[in-house]
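Data file: entry.cif. Format and content: mmCIF, C-alpha atoms.
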```cif
data_coords
loop_
_atom_site.group_PDB
_atom_site.id
_atom_site.type_symbol
_atom_site.label_atom_id
_atom_site.label_comp_id
_atom_site.auth_asym_id
_atom_site.auth_seq_id
_atom_site.Cartn_x
_atom_site.Cartn_y
_atom_site.Cartn_z
ATOM 1 C CA LEU A 1 -0.154 -12.559 19.465
ATOM 2 C CA ASP A 2 3.003 -10.442 19.689
ATOM 3 C CA LYS A 3 2.354 -8.994 16.224
ATOM 4 C CA LEU A 4 -1.245 -8.117 17.127
ATOM 5 C CA VAL A 5 -0.191 -6.403 20.355
ATOM 6 C CA ASN A 6 2.443 -4.398 18.457
ATOM 7 C CA GLN A 7 -0.181 -3.313 15.914
ATOM 8 C CA ALA A 8 -2.486 -2.174 18.705
ATOM 9 C CA LEU A 9 0.354 -0.156 20.231
ATOM 10 C CA GLU A 10 1.190 1.400 16.859
ATOM 11 C CA VAL A 11 -2.335 2.737 16.439
ATOM 12 C CA SER A 12 -2.110 4.550 19.747
ATOM 13 C CA SER A 13 1.254 6.094 18.816
ATOM 14 C CA PHE A 14 0.434 7.173 15.244
ATOM 15 C CA ASP A 15 1.222 10.872 15.188
ATOM 16 C CA PRO A 16 0.646 12.670 11.890
ATOM 17 C CA GLN A 17 2.435 15.717 13.308
ATOM 18 C CA ALA A 18 5.644 13.672 13.503
ATOM 19 C CA ALA A 19 5.849 13.280 9.719
ATOM 20 C CA GLN A 20 9.216 14.336 8.328
ATOM 21 C CA PHE A 21 8.754 15.353 4.719
ATOM 22 C CA ASP A 22 11.827 15.165 2.538
ATOM 23 C CA ARG A 23 12.531 14.897 -1.160
ATOM 24 C CA HIS A 24 12.898 11.258 -2.252
ATOM 25 C CA PHE A 25 13.423 9.356 -5.478
ATOM 26 C CA LEU A 26 10.158 7.444 -5.481
ATOM 27 C CA ILE A 27 11.221 4.580 -7.761
ATOM 28 C CA THR A 28 14.376 3.954 -5.718
ATOM 29 C CA ASP A 29 12.347 3.686 -2.518
ATOM 30 C CA LEU A 30 9.711 1.499 -4.188
ATOM 31 C CA TYR A 31 12.419 -0.783 -5.514
ATOM 32 C CA ASP A 32 13.864 -1.230 -2.004
ATOM 33 C CA ILE A 33 10.441 -1.912 -0.461
ATOM 34 C CA ILE A 34 9.577 -4.444 -3.145
ATOM 35 C CA LEU A 35 12.965 -6.150 -2.858
ATOM 36 C CA ASP A 36 12.365 -6.611 0.884
ATOM 37 C CA SER A 37 8.916 -8.048 0.168
ATOM 38 C CA GLN A 38 10.293 -10.354 -2.526
ATOM 39 C CA ILE A 39 12.817 -11.753 -0.057
ATOM 40 C CA LYS A 40 10.143 -12.292 2.590
ATOM 41 C CA TRP A 41 7.604 -13.902 0.225
ATOM 42 C CA LYS A 42 9.979 -15.570 -2.270
ATOM 43 C CA LYS A 43 8.607 -19.086 -1.734
ATOM 44 C CA GLU A 44 4.969 -18.074 -1.698
ATOM 45 C CA ALA A 45 4.426 -15.238 -4.167
ATOM 46 C CA THR A 46 5.614 -13.118 -7.063
ATOM 47 C CA ILE A 47 5.980 -9.369 -6.544
ATOM 48 C CA THR A 48 6.943 -7.181 -9.498
ATOM 49 C CA LEU A 49 7.571 -3.492 -10.189
ATOM 50 C CA PHE A 50 6.835 -1.858 -13.550
ATOM 51 C CA PHE A 51 7.572 1.722 -14.644
ATOM 52 C CA ASP A 52 8.739 3.634 -17.694
ATOM 53 C CA ASP A 53 12.420 4.576 -17.626
ATOM 54 C CA HIS A 54 11.719 8.314 -17.692
ATOM 55 C CA ILE A 55 9.918 8.020 -14.333
ATOM 56 C CA ALA A 56 13.001 6.700 -12.514
ATOM 57 C CA GLU A 57 14.374 10.168 -11.768
ATOM 58 C CA LEU A 58 11.126 11.692 -10.522
ATOM 59 C CA CYS A 59 10.955 12.840 -6.915
ATOM 60 C CA ALA A 60 8.220 13.482 -4.394
ATOM 61 C CA TYR A 61 8.026 14.899 -0.881
ATOM 62 C CA TYR A 62 7.038 12.347 1.737
ATOM 63 C CA ASP A 63 7.893 10.827 5.057
ATOM 64 C CA HIS A 64 10.046 7.815 4.202
ATOM 65 C CA PHE A 65 8.865 5.653 7.107
ATOM 66 C CA MET A 66 5.208 6.368 6.371
ATOM 67 C CA PHE A 67 5.677 5.723 2.656
ATOM 68 C CA THR A 68 7.344 2.388 3.416
ATOM 69 C CA THR A 69 4.514 1.484 5.806
ATOM 70 C CA LEU A 70 1.896 2.410 3.197
ATOM 71 C CA ILE A 71 3.373 0.352 0.367
ATOM 72 C CA THR A 72 4.299 -2.597 2.604
ATOM 73 C CA ASN A 73 0.772 -2.758 4.049
ATOM 74 C CA LEU A 74 -0.810 -2.838 0.598
ATOM 75 C CA ILE A 75 1.590 -5.497 -0.696
ATOM 76 C CA GLU A 76 1.210 -7.623 2.454
ATOM 77 C CA ASN A 77 -2.594 -7.412 2.285
ATOM 78 C CA GLY A 78 -2.508 -8.436 -1.366
ATOM 79 C CA LEU A 79 -0.640 -11.584 -0.363
ATOM 80 C CA LYS A 80 -1.982 -12.323 3.110
ATOM 81 C CA TYR A 81 -5.620 -12.267 1.983
ATOM 82 C CA ASN A 82 -4.975 -14.240 -1.172
ATOM 83 C CA VAL A 83 -6.146 -17.830 -1.591
ATOM 84 C CA SER A 84 -4.795 -18.218 -5.155
ATOM 85 C CA ASN A 85 -2.357 -21.021 -5.864
ATOM 86 C CA GLU A 86 -0.041 -18.483 -7.488
ATOM 87 C CA LYS A 87 -0.102 -15.262 -5.481
ATOM 88 C CA ASN A 88 0.884 -12.180 -7.462
ATOM 89 C CA VAL A 89 1.246 -8.511 -6.639
ATOM 90 C CA ARG A 90 2.176 -6.053 -9.360
ATOM 91 C CA VAL A 91 3.255 -2.522 -8.492
ATOM 92 C CA GLN A 92 3.050 -0.178 -11.443
ATOM 93 C CA VAL A 93 4.015 3.488 -11.541
ATOM 94 C CA VAL A 94 2.434 5.669 -14.204
ATOM 95 C CA GLN A 95 3.020 9.347 -14.841
ATOM 96 C CA LEU A 96 -0.405 10.983 -15.191
ATOM 97 C CA SER A 97 0.855 14.496 -15.996
ATOM 98 C CA THR A 98 3.863 16.726 -15.459
ATOM 99 C CA LYS A 99 2.706 17.175 -11.860
ATOM 100 C CA LEU A 100 1.227 13.796 -10.880
ATOM 101 C CA LEU A 101 2.060 10.146 -10.865
ATOM 102 C CA GLU A 102 0.085 7.146 -9.754
ATOM 103 C CA ILE A 103 1.202 4.022 -7.956
ATOM 104 C CA GLU A 104 -1.057 1.063 -8.686
ATOM 105 C CA ILE A 105 -0.842 -2.007 -6.499
ATOM 106 C CA HIS A 106 -2.652 -4.925 -8.138
ATOM 107 C CA ASP A 107 -3.217 -8.293 -6.519
ATOM 108 C CA ASN A 108 -4.926 -11.461 -7.655
ATOM 109 C CA GLY A 109 -6.529 -12.127 -4.269
ATOM 110 C CA TYR A 110 -10.108 -12.722 -3.266
ATOM 111 C CA GLY A 111 -11.192 -9.125 -3.696
ATOM 112 C CA ILE A 112 -13.151 -6.863 -1.369
ATOM 113 C CA GLU A 113 -16.938 -6.957 -1.273
ATOM 114 C CA LYS A 114 -18.593 -3.691 -2.359
ATOM 115 C CA ARG A 115 -20.355 -3.418 1.013
ATOM 116 C CA ASP A 116 -16.970 -3.550 2.793
ATOM 117 C CA GLN A 117 -15.019 -1.138 0.601
ATOM 118 C CA LYS A 118 -15.818 2.056 2.549
ATOM 119 C CA ARG A 119 -15.518 0.709 6.089
ATOM 120 C CA ILE A 120 -12.251 -1.262 5.719
ATOM 121 C CA PHE A 121 -10.330 2.003 6.140
ATOM 122 C CA ASN A 122 -11.829 2.479 9.601
ATOM 123 C CA LYS A 123 -9.945 1.395 12.680
ATOM 124 C CA PHE A 124 -10.464 -2.301 13.605
ATOM 125 C CA GLN A 125 -12.592 -3.013 10.510
ATOM 126 C CA ARG A 126 -12.036 -5.890 8.117
ATOM 127 C CA GLY A 127 -13.895 -7.429 5.226
ATOM 128 C CA ASP A 128 -16.487 -10.040 6.210
ATOM 129 C CA GLN A 129 -14.696 -12.786 4.253
ATOM 130 C CA LEU A 130 -11.555 -12.230 6.366
ATOM 131 C CA ARG A 131 -12.953 -12.988 9.805
ATOM 132 C CA SER A 132 -11.092 -16.314 10.009
ATOM 133 C CA MET A 133 -7.682 -14.687 9.336
ATOM 134 C CA THR A 134 -5.473 -13.099 11.978
ATOM 135 C CA GLY A 135 -5.234 -9.352 12.229
ATOM 136 C CA LEU A 136 -6.773 -6.379 13.952
ATOM 137 C CA GLY A 137 -8.018 -4.418 10.967
ATOM 138 C CA LEU A 138 -5.413 -1.676 11.297
ATOM 139 C CA GLY A 139 -3.394 -1.988 8.069
ATOM 140 C CA LEU A 140 -5.786 -0.110 5.792
ATOM 141 C CA TYR A 141 -6.558 2.348 8.579
ATOM 142 C CA PHE A 142 -2.841 3.263 8.574
ATOM 143 C CA VAL A 143 -2.831 3.392 4.778
ATOM 144 C CA GLN A 144 -5.710 5.889 4.791
ATOM 145 C CA LYS A 145 -4.123 8.023 7.526
ATOM 146 C CA ILE A 146 -0.776 8.143 5.707
ATOM 147 C CA VAL A 147 -2.500 9.211 2.487
ATOM 148 C CA GLU A 148 -4.374 11.933 4.407
ATOM 149 C CA VAL A 149 -1.201 13.226 6.100
ATOM 150 C CA HIS A 150 0.472 13.564 2.692
ATOM 151 C CA LYS A 151 -2.657 15.031 1.050
ATOM 152 C CA TRP A 152 -2.546 12.342 -1.611
ATOM 153 C CA LYS A 153 -5.485 10.569 -3.211
ATOM 154 C CA LEU A 154 -6.360 6.889 -2.688
ATOM 155 C CA ASP A 155 -8.729 4.889 -4.887
ATOM 156 C CA LEU A 156 -9.842 1.295 -4.628
ATOM 157 C CA ASP A 157 -11.114 -0.972 -7.397
ATOM 158 C CA SER A 158 -11.931 -4.543 -6.473
ATOM 159 C CA THR A 159 -13.674 -7.491 -8.089
ATOM 160 C CA ILE A 160 -14.505 -10.672 -6.209
ATOM 161 C CA ASP A 161 -12.450 -13.667 -7.398
ATOM 162 C CA VAL A 162 -10.302 -11.365 -9.576
ATOM 163 C CA GLY A 163 -8.419 -9.118 -7.162
ATOM 164 C CA THR A 164 -7.941 -5.587 -5.952
ATOM 165 C CA ILE A 165 -6.198 -2.477 -7.240
ATOM 166 C CA PHE A 166 -5.208 0.357 -4.924
ATOM 167 C CA ARG A 167 -4.247 3.585 -6.692
ATOM 168 C CA ILE A 168 -2.300 6.313 -4.922
ATOM 169 C CA THR A 169 -1.983 9.637 -6.724
ATOM 170 C CA ILE A 170 1.103 11.613 -5.698
ATOM 171 C CA PRO A 171 2.369 15.066 -6.723
ATOM 172 C CA ILE A 172 5.848 14.963 -8.222
ATOM 173 C CA ILE A 173 8.639 17.505 -8.211
ATOM 174 C CA LYS A 174 11.390 18.098 -10.702
#
```
Will you turn the file into structure tokens for me?
Amino acid sequence: LDKLVNQALEVSSFDPQAAQFDRHFLITDLYDIILDSQIKWKKEATITLFFDDHIAELCAYYDHFMFTTLITNLIENGLKYNVSNEKNVRVQVVQLSTKLLEIEIHDNGYGIEKRDQKRIFNKFQRGDQLRSMTGLGLGLYFVQKIVEVHKWKLDLDSTIDVGTIFRITIPIIK
């Protein structure tokens, strides 16, 4: 109940104008976020990070807190809404061009029904198959808002009984 109340309070205090954009080494921050998730979920799931070595030194401008919230929400959803015996989340970073990279967050969870895929980014909306699980339907709302604040691109690809892939396209700087 405490967690749900805190989530409800967060939605009322989300202020896109408060974003503090700085230059960050994206892989370093991803590594830290994933390490925290691995510690939290070590008995229940496998969380891995994949990237080519040349990507390690690439930077992007973003709000560190928002970026952490974005990635953590997607990883947590991939595990929380996963009924597989062996829960897996794979985070992969791919350089698309000299100006763009993409973070892919793959899970082997239940998947998201096609009819739910547009509305799950709305406040207090969840997939129909998730009604029995706790939560307010705010995680993906925050994800969408963070992507909008940063002017990034978010794509979703999901197959029932296979899993979901979220793709975030981010401009990079040298």
- Would you work out the distance separating atom CA of A:Gln95 from atom CA of A:Ile55, expressed in Å to one decimal?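 Computing it gives 7.0 Å between the two atoms.
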- Find the residues around stretch 21-29 of chain A up to 9 Å (all atoms listed in the file counted), leave out those fewer than 3 positions away in its own chain, and share them as an NGL selection string. :A and (32-34 or 51 or 55-64 or 67-68 or 93 or 150 or 173)
- Task: Skip A:Asn85 itself and residues of its chain fewer than 6 positions away, then list as number ranges by chain all residues within 10 Å of it, counting only C-alpha atoms.
- Result: A: 44-45, 109
- Task: Quick one: apply the PyMOL selection byres ((chain A and resi 83) around 12) to the file and drop the selected residues here as number ranges by chain.
- Result: A: 44-45, 77-82, 84-88, 107-111, 129-130, 133, 160-163
- Message: Between atom CA of A:Gln92 and atom CA of A:Phe50, what is the distance in Å, rounded to a tenth?
- Response: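 Atom CA of A:Phe50 lies at a distance of 4.6 Å from atom CA of A:Gln92.
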- Item | A:Ile47 environment, 6 Å, all atoms listed in the file, sequence neighbours closer than 6 positions dropped, as an MDAnalysis selection string | chainID A and resid 38 88:90
Since we have the selection now, will you write its residues out, keeping C-alpha atoms, as a PDB file, in the coordinates of the input?
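The resulting file, result-v9.pdb, is shown below:
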```pdb
ATOM      1  CA  GLN A  38      10.293 -10.354  -2.526  1.00  0.00           C
ATOM      2  CA  ASN A  88       0.884 -12.180  -7.462  1.00  0.00           C
ATOM      3  CA  VAL A  89       1.246  -8.511  -6.639  1.00  0.00           C
ATOM      4  CA  ARG A  90       2.176  -6.053  -9.360  1.00  0.00           C
TER       5      ARG A  90
END
```
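Picture a line from atom CA of A:Ser97 to atom CA of A:Asp155; it runs 17.5 Å.
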- Task: Would you please work out which residue, of A:Trp41, A:Trp152, A:Tyr31, A:Phe142, is nearest to A:Leu74 when using only C-alpha atoms?
- Result: A:Phe142
- From the set A:Ala18, A:Met66, A:Asp157, A:Thr169, which residue has the shortest atom-to-atom contact distance to A:Ile112, counting all atoms listed in the file?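 Of the candidates, the smallest distance to A:Ile112 is held by A:Asp157.
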Selection under test: the PyMOL selection byres ((chain A and resi 103) around 9); residues as a PDB file with C-alpha atoms, in the frame of the given file:
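File written: selection-v1.pdb
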```pdb
ATOM      1  CA  VAL A  91       3.255  -2.522  -8.492  1.00  0.00           C
ATOM      2  CA  GLN A  92       3.050  -0.178 -11.443  1.00  0.00           C
ATOM      3  CA  VAL A  93       4.015   3.488 -11.541  1.00  0.00           C
ATOM      4  CA  VAL A  94       2.434   5.669 -14.204  1.00  0.00           C
ATOM      5  CA  GLN A  95       3.020   9.347 -14.841  1.00  0.00           C
ATOM      6  CA  LEU A 101       2.060  10.146 -10.865  1.00  0.00           C
ATOM      7  CA  GLU A 102       0.085   7.146  -9.754  1.00  0.00           C
ATOM      8  CA  GLU A 104      -1.057   1.063  -8.686  1.00  0.00           C
ATOM      9  CA  ILE A 105      -0.842  -2.007  -6.499  1.00  0.00           C
ATOM     10  CA  PHE A 166      -5.208   0.357  -4.924  1.00  0.00           C
ATOM     11  CA  ARG A 167      -4.247   3.585  -6.692  1.00  0.00           C
ATOM     12  CA  ILE A 168      -2.300   6.313  -4.922  1.00  0.00           C
ATOM     13  CA  THR A 169      -1.983   9.637  -6.724  1.00  0.00           C
ATOM     14  CA  ILE A 170       1.103  11.613  -5.698  1.00  0.00           C
TER      15      ILE A 170
END
```
- Message: Under the rule that only C-alpha atoms are counted, which of A:Ile120, A:Thr164, A:Leu70, A:His54 is the nearest residue to A:Val149?
- Response: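 Of A:Ile120, A:Thr164, A:Leu70, A:His54, the one nearest A:Val149 is A:Leu70, counting only C-alpha atoms.
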- Query: Which residue gives the smallest distance to A:Lys40 among A:Leu100, A:Glu76, A:Gln20, A:Thr69, with all atoms listed in the file counted?
  - Reply: A:Glu76
Enclosing box along x, y and z for every listed atom of stretch 142-147 of chain A, padded 3 Å each side, centre and size in Å, one decimal, as AutoDock Vina command-line options:
```
--center_x -3.2 --center_y 6.2 --center_z 5.5 --size_x 10.9 --size_y 11.9 --size_z 12.1
```
